[in-house]
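**Q** Just protein32.json, nothing more (JSON, C-alpha atoms):
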```
[["chain", "number", "residue", "atom", "x", "y", "z"],
["U", 1, "MET", "CA", 45.15, -35.16, -18.13],
["U", 2, "SER", "CA", 42.15, -36.47, -16.18],
["U", 3, "VAL", "CA", 38.78, -37.49, -17.60],
["U", 4, "ARG", "CA", 36.05, -35.20, -16.27],
["U", 5, "LEU", "CA", 32.93, -37.14, -15.38],
["U", 6, "VAL", "CA", 29.30, -36.41, -14.46],
["U", 7, "ILE", "CA", 27.16, -39.11, -12.81],
["U", 8, "VAL", "CA", 23.38, -39.16, -13.37],
["U", 9, "ASP", "CA", 21.36, -41.68, -11.34],
["U", 10, "ASP", "CA", 18.20, -41.36, -9.27],
["U", 11, "HIS", "CA", 19.54, -43.56, -6.44],
["U", 12, "PRO", "CA", 21.78, -41.67, -3.99],
["U", 13, "VAL", "CA", 23.50, -44.87, -2.84],
["U", 14, "VAL", "CA", 24.52, -45.62, -6.43],
["U", 15, "ARG", "CA", 25.90, -42.13, -6.94],
["U", 16, "ASP", "CA", 27.79, -42.33, -3.64],
["U", 17, "GLY", "CA", 29.22, -45.72, -4.54],
["U", 18, "LEU", "CA", 30.36, -44.61, -7.98],
["U", 19, "ARG", "CA", 31.89, -41.41, -6.66],
["U", 20, "GLY", "CA", 33.80, -43.44, -4.07],
["U", 21, "MET", "CA", 35.05, -45.80, -6.76],
["U", 22, "PHE", "CA", 36.35, -43.02, -8.97],
["U", 23, "VAL", "CA", 38.21, -41.34, -6.11],
["U", 24, "GLU", "CA", 40.64, -44.25, -6.30],
["U", 25, "GLN", "CA", 41.51, -43.39, -9.92],
["U", 26, "ALA", "CA", 43.87, -40.46, -10.32],
["U", 27, "ASP", "CA", 42.88, -39.90, -13.96],
["U", 28, "LEU", "CA", 39.09, -40.00, -13.41],
["U", 29, "GLU", "CA", 37.51, -36.92, -11.79],
["U", 30, "VAL", "CA", 33.82, -36.63, -10.85],
["U", 31, "VAL", "CA", 32.94, -32.99, -11.47],
["U", 32, "GLY", "CA", 29.19, -33.22, -10.91],
["U", 33, "GLU", "CA", 26.19, -35.46, -10.29],
["U", 34, "ALA", "CA", 22.43, -35.34, -10.66],
["U", 35, "GLU", "CA", 19.39, -37.42, -9.72],
["U", 36, "ASP", "CA", 17.48, -37.07, -13.00],
["U", 37, "GLY", "CA", 17.84, -36.07, -16.63],
["U", 38, "GLU", "CA", 16.76, -32.45, -16.28],
["U", 39, "ARG", "CA", 19.32, -31.76, -13.56],
["U", 40, "GLY", "CA", 21.82, -33.86, -15.47],
["U", 41, "LEU", "CA", 21.48, -31.57, -18.47],
["U", 42, "ALA", "CA", 22.02, -28.51, -16.31],
["U", 43, "VAL", "CA", 25.12, -29.99, -14.66],
["U", 44, "ALA", "CA", 26.55, -31.15, -17.99],
["U", 45, "GLU", "CA", 26.00, -27.74, -19.59],
["U", 46, "ARG", "CA", 27.75, -26.07, -16.67],
["U", 47, "GLU", "CA", 30.66, -28.47, -16.23],
["U", 48, "ARG", "CA", 31.20, -29.58, -19.85],
["U", 49, "PRO", "CA", 32.43, -33.06, -18.85],
["U", 50, "ASP", "CA", 34.22, -35.54, -21.09],
["U", 51, "VAL", "CA", 31.85, -38.36, -20.11],
["U", 52, "VAL", "CA", 28.33, -38.53, -18.66],
["U", 53, "LEU", "CA", 27.72, -41.82, -16.86],
["U", 54, "THR", "CA", 23.96, -42.25, -16.67],
["U", 55, "ASP", "CA", 21.20, -44.63, -15.70],
["U", 56, "LEU", "CA", 18.25, -44.98, -18.09],
["U", 57, "ARG", "CA", 15.03, -45.20, -16.12],
["U", 58, "MET", "CA", 14.70, -42.14, -13.91],
["U", 59, "PRO", "CA", 11.83, -39.92, -12.77],
["U", 60, "GLY", "CA", 11.02, -37.23, -15.29],
["U", 61, "LEU", "CA", 13.49, -36.93, -18.13],
["U", 62, "GLY", "CA", 15.49, -40.08, -18.72],
["U", 63, "GLY", "CA", 16.39, -42.78, -21.20],
["U", 64, "ALA", "CA", 16.85, -42.04, -24.88],
["U", 65, "ASP", "CA", 15.21, -38.60, -24.58],
["U", 66, "PHE", "CA", 17.83, -37.49, -22.07],
["U", 67, "ILE", "CA", 20.67, -38.90, -24.18],
["U", 68, "ARG", "CA", 19.34, -37.17, -27.31],
["U", 69, "LEU", "CA", 19.04, -33.80, -25.58],
["U", 70, "LEU", "CA", 22.47, -34.19, -24.04],
["U", 71, "ALA", "CA", 23.97, -34.88, -27.46],
["U", 72, "GLU", "CA", 22.34, -31.72, -28.79],
["U", 73, "ARG", "CA", 23.29, -29.40, -25.93],
["U", 74, "VAL", "CA", 26.69, -30.80, -24.95],
["U", 75, "PRO", "CA", 27.94, -32.58, -28.08],
["U", 76, "SER", "CA", 31.47, -32.87, -26.72],
["U", 77, "ALA", "CA", 30.30, -35.14, -23.85],
["U", 78, "ARG", "CA", 30.34, -38.88, -24.44],
["U", 79, "VAL", "CA", 27.35, -40.72, -22.95],
["U", 80, "LEU", "CA", 28.01, -44.02, -21.20],
["U", 81, "VAL", "CA", 24.94, -45.87, -19.93],
["U", 82, "LEU", "CA", 25.23, -47.80, -16.66],
["U", 83, "THR", "CA", 21.97, -49.57, -15.85],
["U", 84, "THR", "CA", 20.34, -52.83, -14.80],
["U", 85, "TYR", "CA", 18.25, -53.09, -17.98],
["U", 86, "ASP", "CA", 19.50, -54.87, -21.10],
["U", 87, "GLY", "CA", 16.31, -55.43, -23.11],
["U", 88, "ASP", "CA", 15.95, -54.33, -26.73],
["U", 89, "ASP", "CA", 13.53, -51.58, -25.65],
["U", 90, "ASP", "CA", 16.31, -50.02, -23.56],
["U", 91, "VAL", "CA", 19.53, -50.84, -25.41],
["U", 92, "LEU", "CA", 18.65, -49.96, -28.99],
["U", 93, "PRO", "CA", 16.95, -46.59, -28.35],
["U", 94, "ALA", "CA", 19.84, -45.54, -26.09],
["U", 95, "LEU", "CA", 22.48, -46.36, -28.70],
["U", 96, "THR", "CA", 20.42, -44.81, -31.48],
["U", 97, "ALA", "CA", 20.02, -41.63, -29.43],
["U", 98, "GLY", "CA", 23.79, -41.27, -29.19],
["U", 99, "ALA", "CA", 25.17, -43.31, -26.29],
["U", 100, "ILE", "CA", 28.72, -44.44, -27.03],
["U", 101, "GLY", "CA", 28.67, -47.27, -24.50],
["U", 102, "TYR", "CA", 26.29, -49.46, -22.52],
["U", 103, "LEU", "CA", 27.25, -51.29, -19.32],
["U", 104, "LEU", "CA", 25.24, -53.21, -16.75],
["U", 105, "LYS", "CA", 25.48, -52.38, -13.06],
["U", 106, "ASP", "CA", 26.83, -55.82, -12.24],
["U", 107, "SER", "CA", 29.98, -55.03, -14.25],
["U", 108, "PRO", "CA", 33.27, -55.28, -12.29],
["U", 109, "ARG", "CA", 34.65, -51.91, -11.25],
["U", 110, "GLU", "CA", 37.73, -52.34, -13.42],
["U", 111, "GLU", "CA", 35.46, -52.80, -16.42],
["U", 112, "VAL", "CA", 33.65, -49.58, -15.54],
["U", 113, "PHE", "CA", 36.98, -47.72, -15.26],
["U", 114, "ARG", "CA", 38.10, -49.04, -18.63],
["U", 115, "ALA", "CA", 34.75, -48.14, -20.19],
["U", 116, "VAL", "CA", 34.89, -44.54, -18.98],
["U", 117, "ARG", "CA", 38.42, -44.11, -20.33],
["U", 118, "ALA", "CA", 37.41, -45.72, -23.63],
["U", 119, "ALA", "CA", 34.31, -43.53, -23.92],
["U", 120, "ALA", "CA", 36.40, -40.41, -23.32],
["U", 121, "ALA", "CA", 38.63, -41.54, -26.18],
["U", 122, "GLY", "CA", 35.62, -41.96, -28.46],
["U", 123, "GLU", "CA", 35.58, -45.76, -28.35],
["U", 124, "THR", "CA", 32.39, -47.83, -28.12],
["U", 125, "VAL", "CA", 32.07, -50.15, -25.11],
["U", 126, "LEU", "CA", 29.26, -52.69, -24.67],
["U", 127, "SER", "CA", 28.61, -55.30, -22.01],
["U", 128, "PRO", "CA", 28.72, -58.83, -23.52],
["U", 129, "SER", "CA", 24.95, -59.37, -23.28],
["U", 130, "VAL", "CA", 24.32, -55.98, -24.85],
["U", 131, "ALA", "CA", 26.79, -56.64, -27.66],
["U", 132, "ALA", "CA", 25.02, -59.94, -28.37],
["U", 133, "ARG", "CA", 21.66, -58.16, -28.69],
["U", 134, "VAL", "CA", 23.08, -55.56, -31.04],
["U", 135, "LEU", "CA", 24.71, -58.19, -33.24],
["U", 136, "ASN", "CA", 21.53, -60.23, -33.30],
["U", 137, "ARG", "CA", 19.54, -57.21, -34.42],
["U", 138, "VAL", "CA", 22.07, -56.43, -37.15],
["U", 139, "ARG", "CA", 22.01, -60.01, -38.39],
["U", 140, "THR", "CA", 18.21, -60.23, -38.39],
["U", 141, "PRO", "CA", 16.83, -58.25, -41.32],
["U", 142, "ALA", "CA", 13.82, -56.07, -40.64],
["U", 143, "PRO", "CA", 10.55, -57.26, -42.19],
["U", 144, "ALA", "CA", 10.11, -55.86, -45.69],
["U", 145, "GLU", "CA", 7.31, -53.34, -46.12],
["U", 146, "LEU", "CA", 4.61, -53.91, -48.73],
["U", 147, "SER", "CA", 3.81, -51.08, -51.11],
["U", 148, "GLU", "CA", 0.32, -49.61, -51.17],
["U", 149, "ARG", "CA", -0.46, -51.45, -54.42],
["U", 150, "GLU", "CA", 0.88, -54.73, -53.06],
["U", 151, "ARG", "CA", -1.36, -54.35, -50.00],
["U", 152, "ALA", "CA", -4.32, -53.72, -52.28],
["U", 153, "VAL", "CA", -3.57, -56.86, -54.31],
["U", 154, "LEU", "CA", -3.11, -58.96, -51.20],
["U", 155, "GLY", "CA", -6.29, -57.55, -49.68],
["U", 156, "LEU", "CA", -8.30, -58.71, -52.69],
["U", 157, "VAL", "CA", -6.58, -62.10, -52.63],
["U", 158, "ALA", "CA", -7.55, -62.39, -48.96],
["U", 159, "ARG", "CA", -11.18, -61.82, -50.01],
["U", 160, "GLY", "CA", -10.90, -64.77, -52.39],
["U", 161, "CYS", "CA", -10.51, -62.86, -55.66],
["U", 162, "THR", "CA", -8.80, -64.56, -58.56],
["U", 163, "ASN", "CA", -5.99, -62.88, -60.48],
["U", 164, "LYS", "CA", -8.48, -61.87, -63.17],
["U", 165, "GLU", "CA", -10.91, -60.39, -60.64],
["U", 166, "THR", "CA", -8.08, -58.59, -58.86],
["U", 167, "ALA", "CA", -6.85, -57.13, -62.15],
["U", 168, "ALA", "CA", -10.34, -55.89, -63.02],
["U", 169, "GLU", "CA", -10.84, -54.36, -59.57],
["U", 170, "LEU", "CA", -7.55, -52.46, -59.70],
["U", 171, "PHE", "CA", -7.65, -51.67, -63.45],
["U", 172, "ILE", "CA", -4.36, -53.45, -64.14],
["U", 173, "SER", "CA", -3.41, -56.50, -66.19],
["U", 174, "GLU", "CA", -3.28, -60.06, -64.87],
["U", 175, "THR", "CA", 0.44, -60.08, -65.62],
["U", 176, "THR", "CA", 0.90, -57.10, -63.32],
["U", 177, "VAL", "CA", -1.09, -58.88, -60.60],
["U", 178, "LYS", "CA", 1.21, -61.90, -60.91],
["U", 179, "THR", "CA", 4.26, -59.62, -60.69],
["U", 180, "HIS", "CA", 2.91, -57.99, -57.52],
["U", 181, "LEU", "CA", 2.21, -61.41, -56.02],
["U", 182, "ALA", "CA", 5.76, -62.55, -56.80],
["U", 183, "HIS", "CA", 7.14, -59.49, -55.00],
["U", 184, "ILE", "CA", 4.78, -60.11, -52.06],
["U", 185, "TYR", "CA", 5.91, -63.75, -51.76],
["U", 186, "THR", "CA", 9.56, -62.67, -51.73],
["U", 187, "LYS", "CA", 9.03, -59.96, -49.13],
["U", 188, "LEU", "CA", 7.01, -62.20, -46.83],
["U", 189, "GLY", "CA", 9.21, -65.25, -47.33],
["U", 190, "VAL", "CA", 6.34, -67.46, -48.55],
["U", 191, "SER", "CA", 5.56, -69.43, -51.72],
["U", 192, "ASP", "CA", 1.77, -69.35, -52.14],
["U", 193, "ARG", "CA", -1.33, -67.19, -51.80],
["U", 194, "ALA", "CA", -2.66, -68.79, -48.61],
["U", 195, "SER", "CA", 0.67, -68.43, -46.79],
["U", 196, "ALA", "CA", 0.98, -64.82, -47.96],
["U", 197, "VAL", "CA", -2.45, -63.95, -46.56],
["U", 198, "ALA", "CA", -1.81, -65.76, -43.26],
["U", 199, "THR", "CA", 1.60, -64.12, -42.82],
["U", 200, "ALA", "CA", 0.23, -60.68, -43.66],
["U", 201, "TYR", "CA", -2.51, -61.04, -41.04],
["U", 202, "SER", "CA", -0.01, -62.24, -38.40],
["U", 203, "ARG", "CA", 2.21, -59.20, -39.05],
["U", 204, "GLY", "CA", -0.66, -56.76, -39.02],
["U", 205, "LEU", "CA", -0.22, -55.89, -42.68],
["U", 206, "LEU", "CA", -3.89, -56.53, -43.40],
["U", 207, "PRO", "CA", -6.81, -55.20, -41.35]]
```
Render the structure in this file as C-alpha cells.
**A**
Amino acid sequence: MSVRLVIVDDHPVVRDGLRGMFVEQADLEVVGEAEDGERGLAVAERERPDVVLTDLRMPGLGGADFIRLLAERVPSARVLVLTTYDGDDDVLPALTAGAIGYLLKDSPREEVFRAVRAAAAGETVLSPSVAARVLNRVRTPAPAELSERERAVLGLVARGCTNKETAAELFISETTVKTHLAHIYTKLGVSDRASAVATAYSRGLLP
C-alpha cells in the first residue's frame, strides 16, 4: 500500500524537484501540492494524505500556525517539515504545533524517502542538527519563575532595604523574608543579595 503525500512549498522548482524524486518510489505517491499554507489546508482536506511534506516560511499562512491548523482539520495526516531553517525559533514551535519530523533541504534524497515512510508509520524523524537542538533544550532547564511575593521582596532588597525594613513594608516577619530570599537564591542560582538583584535585572524580572 502506497503512502499518499501532499507537498507544500512556495517555490515551484522545489515542488517540481520533490515530485520528480517521489516518482522513482513505487510506494510513495504525490496526490497534491500547494504553494502556501491556506492552499495546503484545502488540498489536505480534499485528498486526506498520509503525510504532508511542508516548508515553514511561506507567504500568508505558514510555519507553526499552518501545522497547528492542519493537525486540527486533518488529524490523520502526519506533518513532516522540510526546510532550510534549523534555528530554535523555527524548530521548537513546529514540533510543539504537531510536526512529527523535521528535515533540512540539504538532506540526501534517501533520507527524505526514509523520513516520509517513517512519518507515515507514526515515527519521529529529525535531522542531526535539529535533534541536537531539541536535546539541548530538554537538558537545559527553563529559568524558574519568581512568585509575586518573591518579586516584592527582591524589589525592596534592590532598593537597599534591610530584612527588617522589608518585613515591615510587606507586613510579614523577618523569618519569612529570609525564607523568601532563600527560595529566590535557589531559583536564580545565586548565593547573596547583590547577585540576586543583578541576576533579576539581567533576566528582566525587575523593572
**Q** Go through U:Leu18, U:Leu53, U:Met1, U:Ala144 one by one, measure the shortest atom-to-atom distance of each to Ala99 (chain U) using all atoms listed in the file, and give the residue with the smallest value.
**A**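 The answer is U:Leu53, which sits nearest to Ala99 (chain U).
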**Q** Counting all atoms listed in the file, which residue out of U:Leu206, U:Ala115, U:Val13, U:Ala71 sits closest to Leu156 (chain U)?
**A**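 With all atoms listed in the file as the atom set, the closest residue is U:Leu206.
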**Q** Have a look at CA of Asp36 (chain U) and CA of Ala131 (chain U) and let me know their distance in Å, one decimal.
**A**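 If I compute the distance from CA of Asp36 (chain U) to CA of Ala131 (chain U), I get 26.2 Å.
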**Q** Find the spatial neighbours of Val14 (chain U), counting all atoms listed in the file, within a cut-off of 12 Å - ignore same-chain residues fewer than 3 positions away - and output them as number ranges by chain.
**A** U: 7-11, 17-21, 33-35, 53-55, 82-84, 105-106
**Q** Could I get the residues of region 112-160 of chain U with an atom no further than 12 Å from an atom of region 46-50 of chain U, each paired with its nearest atom pair and that distance in Å to one decimal, using all atoms listed in the file, sorted by chain and residue number, as CSV?
**A**
```
residue,atom,partner,partner_atom,distance
U:Val116,CA,U:Asp50,CA,9.3
U:Arg117,CA,U:Asp50,CA,9.6
U:Ala118,CA,U:Asp50,CA,11.0
U:Ala119,CA,U:Asp50,CA,8.5
U:Ala120,CA,U:Asp50,CA,5.8
U:Ala121,CA,U:Asp50,CA,9.0
U:Gly122,CA,U:Asp50,CA,9.9
```
**Q** For a test of reading the model, state the distance in Å between CA of Glu110 (chain U) and CA of Val23 (chain U), rounded to one decimal.
**A**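 A separation of 13.2 Å between them.
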**Q** For a test of reading the model, state the distance in Å between CA of Arg68 (chain U) and CA of Asp88 (chain U), rounded to one decimal.
**A**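 Spanning CA of Arg68 (chain U) to CA of Asp88 (chain U) is a straight-line distance of 17.5 Å.
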